[in-house]
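target_26.txt follows; it contains compact mmCIF, C-alpha atoms.
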# COMPACT_ATOMS: atom_id res chain seq x y z
CA MET A 7 14.19 93.18 42.92
CA ALA A 8 14.34 93.57 39.14
CA ALA A 9 12.87 96.64 37.44
CA LEU A 10 9.97 94.79 35.80
CA ASP A 11 9.11 92.27 38.53
CA GLY A 12 5.39 91.55 38.40
CA LEU A 13 4.94 92.60 34.76
CA ARG A 14 3.43 89.77 32.69
CA ILE A 15 4.00 89.63 28.94
CA LEU A 16 2.22 87.45 26.39
CA ASP A 17 4.85 86.96 23.70
CA MET A 18 3.82 86.18 20.13
CA THR A 19 7.13 86.94 18.50
CA GLN A 20 9.46 85.01 16.23
CA TYR A 21 12.97 85.25 14.86
CA GLU A 22 14.81 88.30 16.16
CA ALA A 23 13.26 91.78 16.41
CA GLY A 24 10.36 90.68 18.59
CA THR A 25 12.27 88.03 20.50
CA CYS A 26 15.06 90.51 21.27
CA CYS A 27 12.44 92.87 22.69
CA THR A 28 10.77 90.26 24.88
CA GLN A 29 14.09 88.77 25.98
CA SER A 30 15.25 92.22 27.12
CA LEU A 31 12.05 92.62 29.11
CA ALA A 32 12.53 89.16 30.64
CA LEU A 33 16.10 90.05 31.62
CA LEU A 34 14.67 93.09 33.42
CA GLY A 35 12.40 90.81 35.45
CA ALA A 36 9.18 90.53 33.42
CA ASP A 37 7.41 87.18 33.33
CA VAL A 38 7.38 86.38 29.59
CA VAL A 39 5.26 83.56 28.21
CA LYS A 40 5.94 82.80 24.55
CA VAL A 41 3.10 81.42 22.42
CA GLU A 42 4.30 78.95 19.80
CA PRO A 43 2.43 76.95 17.16
CA PRO A 44 2.19 73.16 17.50
CA GLY A 45 4.70 70.97 15.72
CA GLN A 46 7.75 73.05 14.86
CA GLY A 47 7.20 75.83 17.40
CA ASP A 48 8.93 79.14 16.71
CA PRO A 49 10.50 78.85 13.23
CA ALA A 50 13.88 79.85 14.71
CA ARG A 51 13.96 76.55 16.63
CA GLY A 52 15.01 74.97 13.33
CA ARG A 53 12.46 72.15 13.34
CA TRP A 54 11.52 72.99 9.73
CA ARG A 55 15.07 71.97 8.79
CA GLY A 56 14.64 68.61 10.50
CA LEU A 57 16.71 69.51 13.56
CA GLU A 58 15.85 67.64 16.73
CA VAL A 59 17.44 70.19 19.05
CA ASP A 60 16.86 73.92 19.32
CA THR A 61 19.25 76.13 17.38
CA GLU A 62 21.69 78.38 19.22
CA TYR A 63 19.94 81.28 17.48
CA PHE A 64 16.63 80.36 19.14
CA LEU A 65 18.24 79.79 22.52
CA ASN A 66 20.13 83.11 22.35
CA TRP A 67 16.94 85.15 21.83
CA ASN A 68 14.51 83.18 24.00
CA SER A 69 16.30 82.70 27.30
CA ASN A 70 14.43 83.63 30.48
CA LYS A 71 11.05 82.84 28.91
CA ARG A 72 8.51 80.08 29.26
CA SER A 73 6.66 78.69 26.23
CA ILE A 74 3.19 77.36 25.60
CA THR A 75 1.79 75.77 22.46
CA LEU A 76 -1.47 77.07 20.99
CA ASP A 77 -2.95 76.34 17.60
CA LEU A 78 -4.35 79.77 16.81
CA SER A 79 -5.68 78.57 13.45
CA ARG A 80 -8.32 76.61 15.37
CA PRO A 81 -11.19 78.27 17.26
CA GLU A 82 -10.22 76.41 20.46
CA GLY A 83 -6.67 77.79 20.35
CA ARG A 84 -7.83 81.34 19.71
CA ASP A 85 -10.41 81.09 22.51
CA LEU A 86 -7.75 79.85 24.93
CA LEU A 87 -5.50 82.79 24.01
CA LEU A 88 -8.37 85.19 24.72
CA ARG A 89 -9.00 83.48 28.07
CA LEU A 90 -5.31 83.89 28.95
CA ALA A 91 -5.07 87.55 27.91
CA PRO A 92 -6.70 89.06 31.03
CA GLY A 93 -3.82 87.66 33.10
CA TYR A 94 -1.22 89.69 31.19
CA ASP A 95 -0.18 93.33 31.13
CA VAL A 96 1.41 93.40 27.67
CA PHE A 97 0.81 91.58 24.38
CA ILE A 98 3.69 91.72 21.84
CA GLU A 99 3.62 90.35 18.29
CA ASN A 100 5.83 90.62 15.23
CA TYR A 101 4.18 88.29 12.74
CA GLY A 102 4.06 89.13 9.05
CA PRO A 103 1.56 91.60 7.62
CA GLY A 104 -2.05 90.46 7.96
CA VAL A 105 -1.40 87.46 10.23
CA VAL A 106 -2.91 88.98 13.38
CA GLU A 107 -5.90 90.21 11.38
CA LYS A 108 -6.44 86.75 9.89
CA LEU A 109 -6.30 85.22 13.38
CA ASP A 110 -8.72 87.93 14.61
CA ILE A 111 -6.62 88.86 17.64
CA GLY A 112 -6.08 92.54 16.88
CA TYR A 113 -6.03 95.35 19.42
CA GLU A 114 -9.81 95.79 19.65
CA VAL A 115 -10.32 92.06 20.29
CA MET A 116 -7.60 91.94 22.96
CA ARG A 117 -8.84 95.16 24.56
CA ALA A 118 -12.34 93.70 24.79
CA VAL A 119 -11.04 90.89 27.03
CA ASN A 120 -8.41 93.02 28.82
CA PRO A 121 -9.13 96.77 28.74
CA GLY A 122 -5.77 97.63 30.32
CA ILE A 123 -3.57 95.61 27.99
CA ILE A 124 -0.62 97.28 26.29
CA TYR A 125 -0.67 96.02 22.69
CA VAL A 126 2.67 96.09 20.87
CA ARG A 127 3.20 95.44 17.16
CA ILE A 128 6.69 95.28 15.68
CA LYS A 129 6.55 95.71 11.90
CA GLY A 130 9.44 96.48 9.57
CA PHE A 131 7.42 98.91 7.48
CA GLY A 132 4.65 99.80 9.95
CA THR A 133 0.96 98.97 9.71
CA ASP A 134 -0.04 101.49 7.05
CA GLY A 135 1.58 103.20 4.13
CA PRO A 136 2.85 101.99 0.76
CA TYR A 137 5.12 99.22 2.14
CA ALA A 138 2.98 97.98 5.04
CA HIS A 139 2.03 94.78 3.20
CA PHE A 140 5.69 93.80 2.67
CA LYS A 141 7.49 91.40 4.97
CA CYS A 142 10.67 92.74 6.48
CA MET A 143 13.76 91.24 8.05
CA ASP A 144 17.05 92.66 9.23
CA MET A 145 18.87 92.78 5.91
CA VAL A 146 15.87 94.35 4.15
CA ALA A 147 15.65 97.02 6.86
CA GLN A 148 19.38 97.72 6.63
CA CYS A 149 19.18 98.01 2.84
CA ALA A 150 16.17 100.32 3.03
CA ALA A 151 17.95 102.48 5.60
CA GLY A 152 21.11 102.72 3.48
CA ALA A 153 23.44 100.82 5.83
CA PHE A 154 24.77 98.65 2.98
CA SER A 155 25.89 101.73 1.07
CA ILE A 156 28.26 102.85 3.82
CA THR A 157 29.66 99.42 4.70
CA GLY A 158 32.55 97.72 2.93
CA GLU A 159 35.72 98.69 1.11
CA PRO A 160 36.17 102.22 -0.26
CA ASP A 161 35.01 102.32 -3.89
CA GLY A 162 33.76 98.73 -3.52
CA PRO A 163 30.24 97.33 -3.85
CA PRO A 164 27.74 97.58 -1.00
CA MET A 165 28.40 95.03 1.73
CA ARG A 166 26.21 93.40 4.34
CA PRO A 167 27.05 94.72 7.82
CA GLY A 168 28.00 92.04 10.34
CA PRO A 169 25.62 92.68 13.23
CA THR A 170 21.85 92.51 12.91
CA MET A 171 21.30 96.15 13.79
CA GLY A 172 17.91 96.32 12.10
CA ASP A 173 16.37 93.54 14.17
CA ALA A 174 18.24 93.81 17.47
CA GLY A 175 18.09 97.61 17.38
CA THR A 176 14.35 97.51 16.75
CA GLY A 177 13.83 95.01 19.54
CA MET A 178 15.72 97.13 22.01
Structure translated into structure tokens:
Amino acid sequence: MAALDGLRILDMTQYEAGTCCTQSLALLGADVVKVEPPGQGDPARGRWRGLEVDTEYFLNWNSNKRSITLDLSRPEGRDLLLRLAPGYDVFIENYGPGVVEKLDIGYEVMRAVNPGIIYVRIKGFGTDGPYAHFKCMDMVAQCAAGAFSITGEPDGPPMRPGPTMGDAGTGM
């Protein structure tokens, strides 16, 4: 029996920090259901680039999950999400600043339909403060943390570190 058997997670993550988190939980036995928009699905699938198959990047971070398609920009899609929420223990999202608020699926809304839900937000610069409205991705986080300044050749310019420590580290 896996550590998280029986735990159900509603996954609204994309790219890496959030998907790394939910993949890790799935590997520990949680039942993870990923919510994707219609058409291209998760942007990491590569459909926006005209690919007809999922990218290795998407497959690497989304194994052990199931996906559903919901159009949350439409009232019917949002209502369906809220009808699904009581069947889950955890809700995890890592959309850009203001997206969840625009969709009106914030913590208070989710708690109203599922009082016991654990609501997780993964944001590069948090939800308040001077940088909260900025988008963040791995390289931005590594720059802000100073990782570029200690990577590379001695006396050389800053260099991008190889691994995505900002995203994968956050997800873990």
To test the calculation: enclose all listed atoms of range 82-96 of chain A in a box whose edges run along x, y and z, add 6 Å on each side, then state centre and edge lengths in Å to one decimal, as lines of an AutoDock Vina configuration file.
center_x = -4.5
center_y = 84.9
center_z = 26.4
size_x = 23.8
size_y = 29.0
size_z = 25.4
Applying 9 Å and only C-alpha atoms, which residues near Ser69 in chain A remain after dropping the ones on its own chain fewer than 4 positions away? List them as a ChimeraX atom specification. /A:29,32-33,64-65
Restricted to C-alpha atoms, what would the selected residues look like written as a PDB file, keeping the file's coordinate frame?
ATOM      1  CA  GLN A  29      14.090  88.770  25.980  1.00  0.00           C
ATOM      2  CA  ALA A  32      12.530  89.160  30.640  1.00  0.00           C
ATOM      3  CA  LEU A  33      16.100  90.050  31.620  1.00  0.00           C
ATOM      4  CA  PHE A  64      16.630  80.360  19.140  1.00  0.00           C
ATOM      5  CA  LEU A  65      18.240  79.790  22.520  1.00  0.00           C
TER       6      LEU A  65
END
Might you pull out every residue within 10 Å of Gly168 in chain A, with all atoms listed in the file counted and same-chain residues fewer than 3 positions away left off, and present them as an mmCIF file with C-alpha atoms, in the coordinates of the input?
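Writing the result to part-v4.cif gives the following:
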data_model
loop_
_atom_site.group_PDB
_atom_site.id
_atom_site.type_symbol
_atom_site.label_atom_id
_atom_site.label_comp_id
_atom_site.auth_asym_id
_atom_site.auth_seq_id
_atom_site.Cartn_x
_atom_site.Cartn_y
_atom_site.Cartn_z
ATOM 1 C CA THR A 157 29.660 99.420 4.700
ATOM 2 C CA MET A 165 28.400 95.030 1.730
ATOM 3 C CA MET A 171 21.300 96.150 13.790
#
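What separates CA of Gly12 in chain A from CA of Trp67 in chain A is a distance of 21.2 Å.
Those residues that approach His139 in chain A to within 10 Å, counting only C-alpha atoms, are Gly102, Pro103, Gly104, Lys129, Gly130, Phe131, Gly132, Thr133, Asp134 and Gly135 of chain A; same-chain residues fewer than 4 positions away are not listed.
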Which of A:Leu31, A:Leu109, A:Arg166, A:Val146 sits closest to Glu82 in chain A [using all atoms listed in the file]: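 Closest to Glu82 in chain A, using all atoms listed in the file: A:Leu109.
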Two-atom distance - CA of Val106 in chain A, CA of Asp11 in chain A (Å): 28.1 Å
With distances taken over all atoms listed in the file, which of A:Val96, A:Met143, A:Ala174, A:Ile111 is nearest to Ser79 in chain A?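 When distances to Ser79 in chain A are compared using all atoms listed in the file, the smallest one comes from A:Ile111.
Residues in contact range of range 112-124 of chain A, defined as at most 8 Å between all atoms listed in the file, with sequence neighbours fewer than 5 positions away removed, read A:Leu88, A:Arg89, A:Ala91, A:Pro92, A:Tyr94, A:Asp95, A:Val96, A:Phe97, A:Val106, A:Glu107.
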Exercise: Thr75 in chain A partners within 10 Å, all atoms listed in the file, chain neighbours under 5 positions left out, as a list in words: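 Result of the neighbour search: Lys40, Val41, Glu42, Pro43, Pro44, Gly45, Gly47, Asp48 and Gly83 of chain A.
Proximity to Val126 in chain A was assessed for A:Val38, A:Ala147, A:Ile98, A:Ile74 counting only C-alpha atoms; the smallest distance is recorded for A:Ile98.
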Option closest in space to Tyr137 in chain A, from A:Thr28, A:Ala150, A:Ile156, A:Gly172 [counting all atoms listed in the file]: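 Of A:Thr28, A:Ala150, A:Ile156, A:Gly172, the one nearest Tyr137 in chain A is A:Ala150, counting all atoms listed in the file.
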What is the distance between CA of Thr61 in chain A and CA of Gln20 in chain A, in Å to one decimal? 13.3 Å
Which one of A:Ala50, A:Leu16, A:Ala9, A:Met178 sits closest to Gly93 in chain A if you count only C-alpha atoms? A:Leu16
Nearest candidate to Gly175 in chain A (options A:Asp144, A:Asp110, A:Glu62, A:Asp77; using all atoms listed in the file):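 So, comparing all the options, the nearest one is A:Asp144.
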